[in-house]
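File shown: coords_10.txt. Contents: compact mmCIF, C-alpha atoms.
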```
# COMPACT_ATOMS: atom_id res chain seq x y z
CA MET U 1 0.00 0.00 0.00
CA HIS U 2 1.32 3.44 -0.97
CA ILE U 3 1.39 5.86 1.96
CA PRO U 4 1.16 9.45 0.65
CA SER U 5 4.26 11.49 1.50
CA SER U 6 4.44 15.22 2.13
CA ALA U 7 5.91 15.52 -1.38
CA ASP U 8 2.88 13.72 -2.84
CA SER U 9 0.56 16.05 -0.93
CA ARG U 10 2.39 19.10 -2.17
CA LYS U 11 2.18 17.96 -5.77
CA ASP U 12 -1.53 17.20 -5.35
CA HIS U 13 -1.99 20.72 -3.98
CA GLU U 14 -0.21 22.17 -7.00
CA ARG U 15 -2.36 20.19 -9.44
CA ALA U 16 -5.51 21.33 -7.63
CA HIS U 17 -4.20 24.89 -7.65
CA GLY U 18 -3.60 24.66 -11.39
CA LYS U 19 -7.25 23.71 -11.89
CA PHE U 20 -8.25 26.77 -9.83
CA LEU U 21 -5.87 29.07 -11.74
CA ALA U 22 -6.45 27.92 -15.31
CA PRO U 23 -9.46 30.12 -16.22
CA ARG U 24 -7.84 33.38 -15.04
CA ALA U 25 -4.22 32.66 -14.22
CA LEU U 26 -2.70 35.83 -15.69
CA GLU U 27 -5.10 37.99 -13.70
CA ILE U 28 -4.33 36.19 -10.43
CA TRP U 29 -0.59 36.26 -11.06
CA GLY U 30 -0.70 39.97 -11.89
CA TRP U 31 0.64 39.67 -15.44
CA SER U 32 -2.44 41.13 -17.16
CA THR U 33 -2.14 44.74 -15.90
CA PRO U 34 -0.02 47.34 -17.75
CA ALA U 35 2.59 47.25 -14.97
CA GLY U 36 2.39 43.46 -14.88
CA LYS U 37 3.14 43.28 -18.60
CA GLU U 38 6.15 45.57 -18.12
CA ARG U 39 7.40 43.38 -15.26
CA ALA U 40 7.00 40.29 -17.44
CA ARG U 41 8.97 41.88 -20.27
CA ARG U 42 11.86 42.80 -18.01
CA ARG U 43 12.16 39.47 -16.25
CA THR U 44 11.99 37.68 -19.60
CA GLU U 45 14.97 39.74 -20.76
CA LEU U 46 16.89 38.99 -17.55
CA ILE U 47 16.29 35.25 -17.79
CA ILE U 48 17.28 35.23 -21.48
CA GLU U 49 20.45 37.18 -20.67
CA HIS U 50 21.59 35.14 -17.67
CA ALA U 51 20.79 31.75 -19.21
CA ARG U 52 22.44 32.88 -22.45
CA ILE U 53 19.61 31.26 -24.39
CA ARG U 54 20.32 33.24 -27.55
CA HIS U 55 23.32 30.91 -27.84
CA CYS U 56 21.17 27.79 -27.30
CA LYS U 57 19.18 25.37 -29.43
CA ASN U 58 17.26 23.19 -26.97
CA VAL U 59 15.95 24.78 -23.78
CA LEU U 60 13.84 23.39 -20.94
CA GLU U 61 11.36 25.64 -19.16
CA TYR U 62 10.20 24.68 -15.66
CA GLY U 63 6.66 25.54 -14.56
CA CYS U 64 5.44 27.07 -17.80
CA GLY U 65 1.87 27.60 -16.54
CA THR U 66 -0.33 28.96 -19.32
CA GLY U 67 2.68 29.53 -21.59
CA MET U 68 2.86 33.34 -21.47
CA PHE U 69 6.61 33.38 -20.81
CA SER U 70 7.16 30.40 -23.10
CA LEU U 71 6.02 32.51 -26.05
CA PHE U 72 8.45 35.27 -25.07
CA PHE U 73 11.35 32.82 -24.74
CA ALA U 74 10.55 31.17 -28.08
CA GLU U 75 10.89 34.53 -29.85
CA THR U 76 14.68 34.03 -29.57
CA GLY U 77 14.43 31.14 -32.04
CA ILE U 78 15.15 28.32 -29.59
CA THR U 79 13.37 24.99 -29.46
CA LEU U 80 11.59 25.06 -26.11
CA THR U 81 10.31 22.13 -24.08
CA ALA U 82 7.92 23.68 -21.56
CA ILE U 83 6.63 21.57 -18.67
CA ASP U 84 4.20 22.04 -15.79
CA ILE U 85 2.80 19.61 -13.22
CA SER U 86 -0.74 20.89 -13.83
CA PRO U 87 -2.62 19.26 -16.75
CA ASP U 88 -5.14 22.12 -16.62
CA LEU U 89 -2.46 24.78 -17.11
CA ILE U 90 -0.84 22.76 -19.90
CA ASN U 91 -4.24 22.54 -21.62
CA GLU U 92 -4.43 26.34 -21.48
CA ALA U 93 -0.86 26.68 -22.79
CA GLN U 94 -1.55 24.38 -25.74
CA LYS U 95 -4.22 26.77 -27.01
CA GLU U 96 -1.34 29.01 -28.12
CA LEU U 97 0.23 27.08 -30.97
CA HIS U 98 3.90 27.74 -31.69
CA ALA U 99 6.13 25.62 -33.90
CA ASN U 100 9.13 25.95 -31.57
CA ILE U 101 7.36 25.06 -28.29
CA PHE U 102 6.50 21.59 -26.99
CA PHE U 103 4.17 21.80 -23.97
CA GLN U 104 3.84 18.73 -21.77
CA VAL U 105 2.94 17.69 -18.24
CA GLY U 106 6.09 17.11 -16.22
CA ASP U 107 7.50 16.97 -12.71
CA VAL U 108 10.58 19.17 -12.20
CA GLU U 109 11.65 17.01 -9.24
CA SER U 110 11.81 13.90 -11.47
CA LEU U 111 12.45 14.83 -15.09
CA ALA U 112 11.74 12.36 -17.89
CA PHE U 113 14.76 13.47 -19.96
CA PRO U 114 18.23 11.98 -20.45
CA ASP U 115 21.36 13.41 -18.86
CA GLU U 116 22.93 16.44 -20.60
CA SER U 117 20.03 16.93 -23.02
CA PHE U 118 19.46 20.72 -22.77
CA ASP U 119 21.49 23.85 -23.48
CA ALA U 120 19.69 25.81 -20.72
CA VAL U 121 17.08 25.35 -18.00
CA ILE U 122 14.92 28.36 -17.19
CA GLY U 123 11.76 29.36 -15.36
CA ASN U 124 9.72 32.14 -13.86
CA SER U 125 8.20 31.92 -10.37
CA VAL U 126 8.32 28.13 -10.18
CA LEU U 127 11.06 26.99 -7.76
CA HIS U 128 9.17 28.38 -4.76
CA HIS U 129 6.34 25.92 -5.53
CA VAL U 130 8.54 22.81 -5.39
CA ASN U 131 11.38 21.12 -3.54
CA ILE U 132 14.01 23.53 -4.85
CA GLU U 133 16.96 21.30 -4.01
CA GLN U 134 15.58 18.34 -5.97
CA ALA U 135 14.53 20.61 -8.84
CA LEU U 136 18.05 22.07 -9.06
CA VAL U 137 19.67 18.62 -8.89
CA GLU U 138 17.51 17.56 -11.83
CA ALA U 139 18.32 20.76 -13.73
CA PHE U 140 22.03 20.08 -13.21
CA ARG U 141 21.58 16.50 -14.47
CA VAL U 142 19.84 17.39 -17.74
CA LEU U 143 22.01 20.44 -18.46
CA LYS U 144 24.96 20.11 -20.81
CA PRO U 145 28.40 20.95 -19.36
CA GLY U 146 29.30 24.62 -19.59
CA ARG U 147 25.65 25.65 -19.88
CA SER U 148 23.52 27.73 -17.51
CA ILE U 149 20.24 27.97 -15.67
CA ALA U 150 18.31 31.15 -14.85
CA PHE U 151 15.16 31.71 -12.80
CA ALA U 152 13.18 34.59 -11.32
CA GLU U 153 11.68 33.92 -7.87
CA PRO U 154 9.93 35.89 -5.08
CA ASN U 155 12.17 37.54 -2.48
CA MET U 156 11.32 36.79 1.17
CA MET U 157 12.97 40.06 2.20
CA ASN U 158 10.16 42.00 0.55
CA PRO U 159 7.56 42.92 3.23
CA GLN U 160 4.50 42.12 1.12
CA ILE U 161 5.97 38.82 -0.06
CA ALA U 162 6.91 37.84 3.52
CA LEU U 163 3.37 38.46 4.76
CA GLN U 164 1.73 36.82 1.76
CA LYS U 165 3.81 33.64 1.94
CA ASN U 166 3.56 33.17 5.73
CA ILE U 167 -0.04 34.05 6.66
CA PRO U 168 -2.42 31.30 5.43
CA SER U 169 -5.50 33.54 5.20
CA LEU U 170 -3.59 36.14 3.16
CA LYS U 171 -2.14 33.37 1.02
CA ARG U 172 -5.63 32.21 0.08
CA LYS U 173 -6.84 35.76 -0.55
CA MET U 174 -3.92 36.47 -2.90
CA GLY U 175 -4.45 33.23 -4.85
CA ASP U 176 -1.35 31.38 -3.65
CA SER U 177 -1.10 27.61 -3.38
CA PRO U 178 -0.97 26.24 0.20
CA ASP U 179 2.69 25.19 0.12
CA GLU U 180 4.40 27.89 -1.92
CA THR U 181 7.03 30.05 -0.24
CA ALA U 182 9.73 32.60 -1.14
CA PHE U 183 13.50 32.69 -0.72
CA PHE U 184 16.20 34.67 0.99
CA ARG U 185 19.14 35.41 -1.27
CA TRP U 186 21.64 33.48 0.87
CA GLN U 187 19.36 30.41 0.81
CA VAL U 188 19.38 30.31 -2.97
CA VAL U 189 23.17 30.64 -3.11
CA ASN U 190 23.47 27.62 -0.80
CA PHE U 191 20.99 25.60 -2.85
CA LEU U 192 22.90 26.32 -6.05
CA GLN U 193 26.26 25.49 -4.48
CA ARG U 194 25.02 22.18 -3.08
CA SER U 195 23.59 21.24 -6.48
CA GLY U 196 27.01 21.65 -8.10
CA PHE U 197 26.62 24.96 -9.94
CA LYS U 198 29.47 27.45 -10.38
CA ASP U 199 29.57 31.14 -11.37
CA ILE U 200 26.53 31.65 -9.16
CA MET U 201 24.62 34.93 -9.26
CA VAL U 202 21.61 35.84 -7.09
CA GLN U 203 20.44 39.45 -7.16
CA PRO U 204 17.31 41.24 -5.92
CA PHE U 205 15.32 43.21 -8.49
CA ASP U 206 11.85 44.57 -9.26
CA PHE U 207 10.19 47.41 -7.36
CA LEU U 208 7.40 47.75 -9.94
CA HIS U 209 4.15 46.47 -8.40
CA PRO U 210 1.45 45.11 -10.78
CA SER U 211 -1.10 47.59 -9.42
CA ILE U 212 0.91 50.69 -10.42
CA PRO U 213 -1.24 52.87 -12.77
CA GLN U 214 -0.07 53.02 -16.36
CA LYS U 215 0.75 56.75 -16.22
CA MET U 216 3.17 56.12 -13.33
CA ILE U 217 4.95 53.06 -14.74
CA SER U 218 7.83 54.94 -16.37
CA THR U 219 8.59 56.97 -13.22
CA VAL U 220 8.33 54.02 -10.82
CA LYS U 221 10.42 51.86 -13.15
CA ARG U 222 13.25 54.40 -13.27
CA LEU U 223 13.13 54.89 -9.50
CA GLY U 224 13.08 51.15 -8.91
CA GLU U 225 16.06 50.50 -11.15
CA PHE U 226 17.98 53.19 -9.25
CA ILE U 227 17.07 51.62 -5.90
CA GLU U 228 18.35 48.28 -7.20
CA SER U 229 21.82 49.82 -7.19
CA VAL U 230 21.59 51.05 -3.57
CA PRO U 231 23.15 48.69 -0.99
CA LEU U 232 20.82 47.33 1.72
CA ILE U 233 17.68 48.99 0.32
CA LYS U 234 17.85 46.85 -2.82
CA GLU U 235 17.52 43.73 -0.65
CA PHE U 236 13.80 44.53 -0.20
CA ALA U 237 12.98 44.22 -3.91
CA GLY U 238 10.09 41.97 -4.85
CA SER U 239 12.04 39.31 -6.75
CA LEU U 240 15.37 37.51 -7.11
CA ILE U 241 17.08 36.75 -10.40
CA LEU U 242 19.38 33.75 -10.08
CA SER U 243 21.72 31.85 -12.36
CA GLY U 244 24.45 29.28 -12.26
CA ARG U 245 26.66 27.34 -14.70
CA LYS U 246 27.30 23.62 -14.87
CA PRO U 247 31.10 23.08 -15.00
```

Would you encode the structure as structure tokens?
Amino acid sequence: MHIPSSADSRKDHERAHGKFLAPRALEIWGWSTPAGKERARRRTELIIEHARIRHCKNVLEYGCGTGMFSLFFAETGITLTAIDISPDLINEAQKELHANIFFQVGDVESLAFPDESFDAVIGNSVLHHVNIEQALVEAFRVLKPGRSIAFAEPNMMNPQIALQKNIPSLKRKMGDSPDETAFFRWQVVNFLQRSGFKDIMVQPFDFLHPSIPQKMISTVKRLGEFIESVPLIKEFAGSLILSGRKP
């Protein structure tokens, strides 16, 4: 008899959450507002830059959700395999047909791909939903030597993120899954080191909130990018951009 583990429960929660999200995921995630679209554009550029995917052919995307970021990544001309544990979100993603993208249900903690089969592994807001250590070990396994990973994740140093990820009632109100969390920068560095990555980079970024009115986006964006250069204060940014290279 199979006794459900905490990992099984977490994955079941994520599948159930995907069913909840599927009809209006972009709205819940904050990507549908003018400021949300600007945030998405910037983090796409950062992930592309740090994973060096313009120099890649075959790329694996973790946690593709409805495929919004997948479409952005595919604009670089790569062949993208985009996976998510939620069949409902994959069904939504497959409504957007793209010759260079292969959407499929997949578990980032146990990948169904051979060793050294991808030129990059990337993702947006996915590692905080899973066992990050196992997900990074798997990314290291399927990555070709000399190639890189890059992800954007929520920053636990940000006051709103800290409250949202640690108060169950607020979590539910904001549309979070029961088990998702956020990371401190030093945690992510340790995770990457233990997984075998080198040339590790973890930096806070993003002071542009999705609710910022369109007429204020340009001003808030410039101010936020300045604050990202200010020691200590930058640590409270909303997100972390992280990367590492497989030796």

(Q) Here's a test: counting all atoms listed in the file, identify every protein, DNA and RNA residue with an atom at most 9 Å from (19.5, 46.9, -4.5) in the file's coordinate frame, and state them as a PyMOL selection string. (A) chain U and resi 203-205+224-237

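The interatomic distance for the pair CA of Phe113 in chain U and CA of Glu49 in chain U works out to 24.4 Å.
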
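With all atoms listed in the file as the atoms that count, the minimum distance from Gly146 in chain U to the choices U:Ala35, U:Met216, U:Ala120, U:Val188 is reached by U:Ala120.
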
Got a sec: who's within 8 Å of Arg147 in chain U, counting all atoms listed in the file, leaving out chain neighbours fewer than 6 positions off, as a PDB file with C-alpha atoms, keeping the file's coordinate frame?
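Saved file around18.pdb follows:
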```pdb
ATOM      1  CA  ALA U  51      20.790  31.750 -19.210  1.00  0.00           C
ATOM      2  CA  ASP U 119      21.490  23.850 -23.480  1.00  0.00           C
ATOM      3  CA  ALA U 120      19.690  25.810 -20.720  1.00  0.00           C
ATOM      4  CA  ARG U 245      26.660  27.340 -14.700  1.00  0.00           C
ATOM      5  CA  LYS U 246      27.300  23.620 -14.870  1.00  0.00           C
ATOM      6  CA  PRO U 247      31.100  23.080 -15.000  1.00  0.00           C
TER       7      PRO U 247
END
```

Enumerate, in order of chain and increasing residue number, the residues of range 104-161 of chain U with an atom no farther than 10 Å from range 66-80 of chain U, each with its shortest atom pair and distance in Å to one decimal, counting all atoms listed in the file, as a Markdown table.
```
| residue | atom | partner | partner_atom | distance |
| --- | --- | --- | --- | --- |
| U:Phe118 | CA | U:Leu80 | CA | 9.6 |
| U:Asp119 | CA | U:Ile78 | CA | 9.9 |
| U:Ala120 | CA | U:Leu80 | CA | 9.8 |
| U:Val121 | CA | U:Leu80 | CA | 9.8 |
| U:Ile122 | CA | U:Phe73 | CA | 9.5 |
| U:Gly123 | CA | U:Phe69 | CA | 8.5 |
| U:Asn124 | CA | U:Phe69 | CA | 7.7 |
```

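Using only C-alpha atoms, the set of residues no farther than 8 Å from the position (1.5, 24.6, -19.3) comprises U:Gly63, U:Cys64, U:Gly65, U:Thr66, U:Gly67, U:Ala82, U:Ile83, U:Asp84, U:Ile85, U:Ser86, U:Pro87, U:Asp88, U:Leu89, U:Ile90, U:Asn91, U:Glu92, U:Ala93, U:Gln94, U:Phe103, U:Gln104, U:Val105.
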
Mind dumping the selected residues with C-alpha atoms as a PDB file, keeping the file's coordinate frame?
```
ATOM      1  CA  GLY U  63       6.660  25.540 -14.560  1.00  0.00           C
ATOM      2  CA  CYS U  64       5.440  27.070 -17.800  1.00  0.00           C
ATOM      3  CA  GLY U  65       1.870  27.600 -16.540  1.00  0.00           C
ATOM      4  CA  THR U  66      -0.330  28.960 -19.320  1.00  0.00           C
ATOM      5  CA  GLY U  67       2.680  29.530 -21.590  1.00  0.00           C
ATOM      6  CA  ALA U  82       7.920  23.680 -21.560  1.00  0.00           C
ATOM      7  CA  ILE U  83       6.630  21.570 -18.670  1.00  0.00           C
ATOM      8  CA  ASP U  84       4.200  22.040 -15.790  1.00  0.00           C
ATOM      9  CA  ILE U  85       2.800  19.610 -13.220  1.00  0.00           C
ATOM     10  CA  SER U  86      -0.740  20.890 -13.830  1.00  0.00           C
ATOM     11  CA  PRO U  87      -2.620  19.260 -16.750  1.00  0.00           C
ATOM     12  CA  ASP U  88      -5.140  22.120 -16.620  1.00  0.00           C
ATOM     13  CA  LEU U  89      -2.460  24.780 -17.110  1.00  0.00           C
ATOM     14  CA  ILE U  90      -0.840  22.760 -19.900  1.00  0.00           C
ATOM     15  CA  ASN U  91      -4.240  22.540 -21.620  1.00  0.00           C
ATOM     16  CA  GLU U  92      -4.430  26.340 -21.480  1.00  0.00           C
ATOM     17  CA  ALA U  93      -0.860  26.680 -22.790  1.00  0.00           C
ATOM     18  CA  GLN U  94      -1.550  24.380 -25.740  1.00  0.00           C
ATOM     19  CA  PHE U 103       4.170  21.800 -23.970  1.00  0.00           C
ATOM     20  CA  GLN U 104       3.840  18.730 -21.770  1.00  0.00           C
ATOM     21  CA  VAL U 105       2.940  17.690 -18.240  1.00  0.00           C
TER      22      VAL U 105
END
```

For range 101-137 of chain U, supply N, CA and C atoms and report the output as a PDB file, keeping the file's coordinate frame.
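Written out: rebuild-v7.pdb:
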```
ATOM      1  N   ILE U 101       7.644  25.380 -29.681  1.00  0.00           N
ATOM      2  CA  ILE U 101       7.360  25.060 -28.290  1.00  0.00           C
ATOM      3  C   ILE U 101       6.647  23.724 -28.183  1.00  0.00           C
ATOM      4  N   PHE U 102       7.125  22.875 -27.271  1.00  0.00           N
ATOM      5  CA  PHE U 102       6.500  21.590 -26.990  1.00  0.00           C
ATOM      6  C   PHE U 102       6.046  21.592 -25.533  1.00  0.00           C
ATOM      7  N   PHE U 103       4.742  21.779 -25.321  1.00  0.00           N
ATOM      8  CA  PHE U 103       4.170  21.800 -23.970  1.00  0.00           C
ATOM      9  C   PHE U 103       3.863  20.373 -23.533  1.00  0.00           C
ATOM     10  N   GLN U 104       4.193  20.050 -22.292  1.00  0.00           N
ATOM     11  CA  GLN U 104       3.840  18.730 -21.770  1.00  0.00           C
ATOM     12  C   GLN U 104       3.794  18.752 -20.248  1.00  0.00           C
ATOM     13  N   VAL U 105       3.000  17.848 -19.695  1.00  0.00           N
ATOM     14  CA  VAL U 105       2.940  17.690 -18.240  1.00  0.00           C
ATOM     15  C   VAL U 105       4.247  17.072 -17.777  1.00  0.00           C
ATOM     16  N   GLY U 106       4.828  17.634 -16.728  1.00  0.00           N
ATOM     17  CA  GLY U 106       6.090  17.110 -16.220  1.00  0.00           C
ATOM     18  C   GLY U 106       6.351  17.536 -14.800  1.00  0.00           C
ATOM     19  N   ASP U 107       7.150  16.751 -14.105  1.00  0.00           N
ATOM     20  CA  ASP U 107       7.500  16.970 -12.710  1.00  0.00           C
ATOM     21  C   ASP U 107       8.960  17.423 -12.639  1.00  0.00           C
ATOM     22  N   VAL U 108       9.217  18.639 -12.212  1.00  0.00           N
ATOM     23  CA  VAL U 108      10.580  19.170 -12.200  1.00  0.00           C
ATOM     24  C   VAL U 108      11.469  18.480 -11.172  1.00  0.00           C
ATOM     25  N   GLU U 109      10.873  17.743 -10.245  1.00  0.00           N
ATOM     26  CA  GLU U 109      11.650  17.010  -9.240  1.00  0.00           C
ATOM     27  C   GLU U 109      12.056  15.624  -9.749  1.00  0.00           C
ATOM     28  N   SER U 110      11.499  15.213 -10.890  1.00  0.00           N
ATOM     29  CA  SER U 110      11.810  13.900 -11.470  1.00  0.00           C
ATOM     30  C   SER U 110      11.600  13.991 -12.978  1.00  0.00           C
ATOM     31  N   LEU U 111      12.580  14.548 -13.662  1.00  0.00           N
ATOM     32  CA  LEU U 111      12.450  14.830 -15.090  1.00  0.00           C
ATOM     33  C   LEU U 111      12.555  13.571 -15.945  1.00  0.00           C
ATOM     34  N   ALA U 112      11.749  13.516 -16.988  1.00  0.00           N
ATOM     35  CA  ALA U 112      11.740  12.360 -17.890  1.00  0.00           C
ATOM     36  C   ALA U 112      12.632  12.616 -19.108  1.00  0.00           C
ATOM     37  N   PHE U 113      13.840  13.157 -18.866  1.00  0.00           N
ATOM     38  CA  PHE U 113      14.760  13.470 -19.960  1.00  0.00           C
ATOM     39  C   PHE U 113      16.133  12.893 -19.643  1.00  0.00           C
ATOM     40  N   PRO U 114      16.893  12.532 -20.672  1.00  0.00           N
ATOM     41  CA  PRO U 114      18.230  11.980 -20.450  1.00  0.00           C
ATOM     42  C   PRO U 114      19.197  13.022 -19.873  1.00  0.00           C
ATOM     43  N   ASP U 115      20.296  12.538 -19.339  1.00  0.00           N
ATOM     44  CA  ASP U 115      21.360  13.410 -18.860  1.00  0.00           C
ATOM     45  C   ASP U 115      21.879  14.290 -20.005  1.00  0.00           C
ATOM     46  N   GLU U 116      22.254  15.517 -19.668  1.00  0.00           N
ATOM     47  CA  GLU U 116      22.930  16.440 -20.600  1.00  0.00           C
ATOM     48  C   GLU U 116      22.163  16.603 -21.916  1.00  0.00           C
ATOM     49  N   SER U 117      20.854  16.835 -21.816  1.00  0.00           N
ATOM     50  CA  SER U 117      20.030  16.930 -23.020  1.00  0.00           C
ATOM     51  C   SER U 117      19.586  18.346 -23.362  1.00  0.00           C
ATOM     52  N   PHE U 118      19.905  19.350 -22.504  1.00  0.00           N
ATOM     53  CA  PHE U 118      19.460  20.720 -22.770  1.00  0.00           C
ATOM     54  C   PHE U 118      20.611  21.714 -22.672  1.00  0.00           C
ATOM     55  N   ASP U 119      20.489  22.783 -23.476  1.00  0.00           N
ATOM     56  CA  ASP U 119      21.490  23.850 -23.480  1.00  0.00           C
ATOM     57  C   ASP U 119      21.232  24.886 -22.385  1.00  0.00           C
ATOM     58  N   ALA U 120      20.025  24.901 -21.821  1.00  0.00           N
ATOM     59  CA  ALA U 120      19.690  25.810 -20.720  1.00  0.00           C
ATOM     60  C   ALA U 120      18.439  25.283 -20.041  1.00  0.00           C
ATOM     61  N   VAL U 121      18.308  25.626 -18.754  1.00  0.00           N
ATOM     62  CA  VAL U 121      17.080  25.350 -18.000  1.00  0.00           C
ATOM     63  C   VAL U 121      16.647  26.663 -17.381  1.00  0.00           C
ATOM     64  N   ILE U 122      15.397  27.040 -17.603  1.00  0.00           N
ATOM     65  CA  ILE U 122      14.920  28.360 -17.190  1.00  0.00           C
ATOM     66  C   ILE U 122      13.540  28.253 -16.541  1.00  0.00           C
ATOM     67  N   GLY U 123      13.111  29.343 -15.907  1.00  0.00           N
ATOM     68  CA  GLY U 123      11.760  29.360 -15.360  1.00  0.00           C
ATOM     69  C   GLY U 123      11.460  30.656 -14.658  1.00  0.00           C
ATOM     70  N   ASN U 124      10.181  30.939 -14.550  1.00  0.00           N
ATOM     71  CA  ASN U 124       9.720  32.140 -13.860  1.00  0.00           C
ATOM     72  C   ASN U 124       8.752  31.749 -12.740  1.00  0.00           C
ATOM     73  N   SER U 125       9.083  32.120 -11.523  1.00  0.00           N
ATOM     74  CA  SER U 125       8.200  31.920 -10.370  1.00  0.00           C
ATOM     75  C   SER U 125       7.734  30.473 -10.251  1.00  0.00           C
ATOM     76  N   VAL U 126       8.678  29.548 -10.266  1.00  0.00           N
ATOM     77  CA  VAL U 126       8.320  28.130 -10.180  1.00  0.00           C
ATOM     78  C   VAL U 126       9.028  27.416  -9.032  1.00  0.00           C
ATOM     79  N   LEU U 127      10.293  27.739  -8.756  1.00  0.00           N
ATOM     80  CA  LEU U 127      11.060  26.990  -7.760  1.00  0.00           C
ATOM     81  C   LEU U 127      10.473  27.116  -6.357  1.00  0.00           C
ATOM     82  N   HIS U 128       9.763  28.209  -6.089  1.00  0.00           N
ATOM     83  CA  HIS U 128       9.170  28.380  -4.760  1.00  0.00           C
ATOM     84  C   HIS U 128       7.911  27.547  -4.567  1.00  0.00           C
ATOM     85  N   HIS U 129       7.482  26.839  -5.629  1.00  0.00           N
ATOM     86  CA  HIS U 129       6.340  25.920  -5.530  1.00  0.00           C
ATOM     87  C   HIS U 129       6.779  24.482  -5.286  1.00  0.00           C
ATOM     88  N   VAL U 130       8.068  24.198  -5.372  1.00  0.00           N
ATOM     89  CA  VAL U 130       8.540  22.810  -5.390  1.00  0.00           C
ATOM     90  C   VAL U 130       9.663  22.625  -4.379  1.00  0.00           C
ATOM     91  N   ASN U 131      10.160  21.391  -4.307  1.00  0.00           N
ATOM     92  CA  ASN U 131      11.380  21.120  -3.540  1.00  0.00           C
ATOM     93  C   ASN U 131      12.545  21.662  -4.369  1.00  0.00           C
ATOM     94  N   ILE U 132      13.029  22.842  -4.014  1.00  0.00           N
ATOM     95  CA  ILE U 132      14.010  23.530  -4.850  1.00  0.00           C
ATOM     96  C   ILE U 132      15.299  22.732  -4.986  1.00  0.00           C
ATOM     97  N   GLU U 133      15.716  22.063  -3.930  1.00  0.00           N
ATOM     98  CA  GLU U 133      16.960  21.300  -4.010  1.00  0.00           C
ATOM     99  C   GLU U 133      16.853  20.172  -5.032  1.00  0.00           C
ATOM    100  N   GLN U 134      15.758  19.429  -5.011  1.00  0.00           N
ATOM    101  CA  GLN U 134      15.580  18.340  -5.970  1.00  0.00           C
ATOM    102  C   GLN U 134      15.429  18.883  -7.384  1.00  0.00           C
ATOM    103  N   ALA U 135      14.709  20.002  -7.512  1.00  0.00           N
ATOM    104  CA  ALA U 135      14.530  20.610  -8.840  1.00  0.00           C
ATOM    105  C   ALA U 135      15.861  21.077  -9.425  1.00  0.00           C
ATOM    106  N   LEU U 136      16.741  21.618  -8.583  1.00  0.00           N
ATOM    107  CA  LEU U 136      18.050  22.070  -9.060  1.00  0.00           C
ATOM    108  C   LEU U 136      18.963  20.889  -9.389  1.00  0.00           C
ATOM    109  N   VAL U 137      18.889  19.829  -8.590  1.00  0.00           N
ATOM    110  CA  VAL U 137      19.670  18.620  -8.890  1.00  0.00           C
ATOM    111  C   VAL U 137      19.280  18.070 -10.260  1.00  0.00           C
TER     112      VAL U 137
END
```
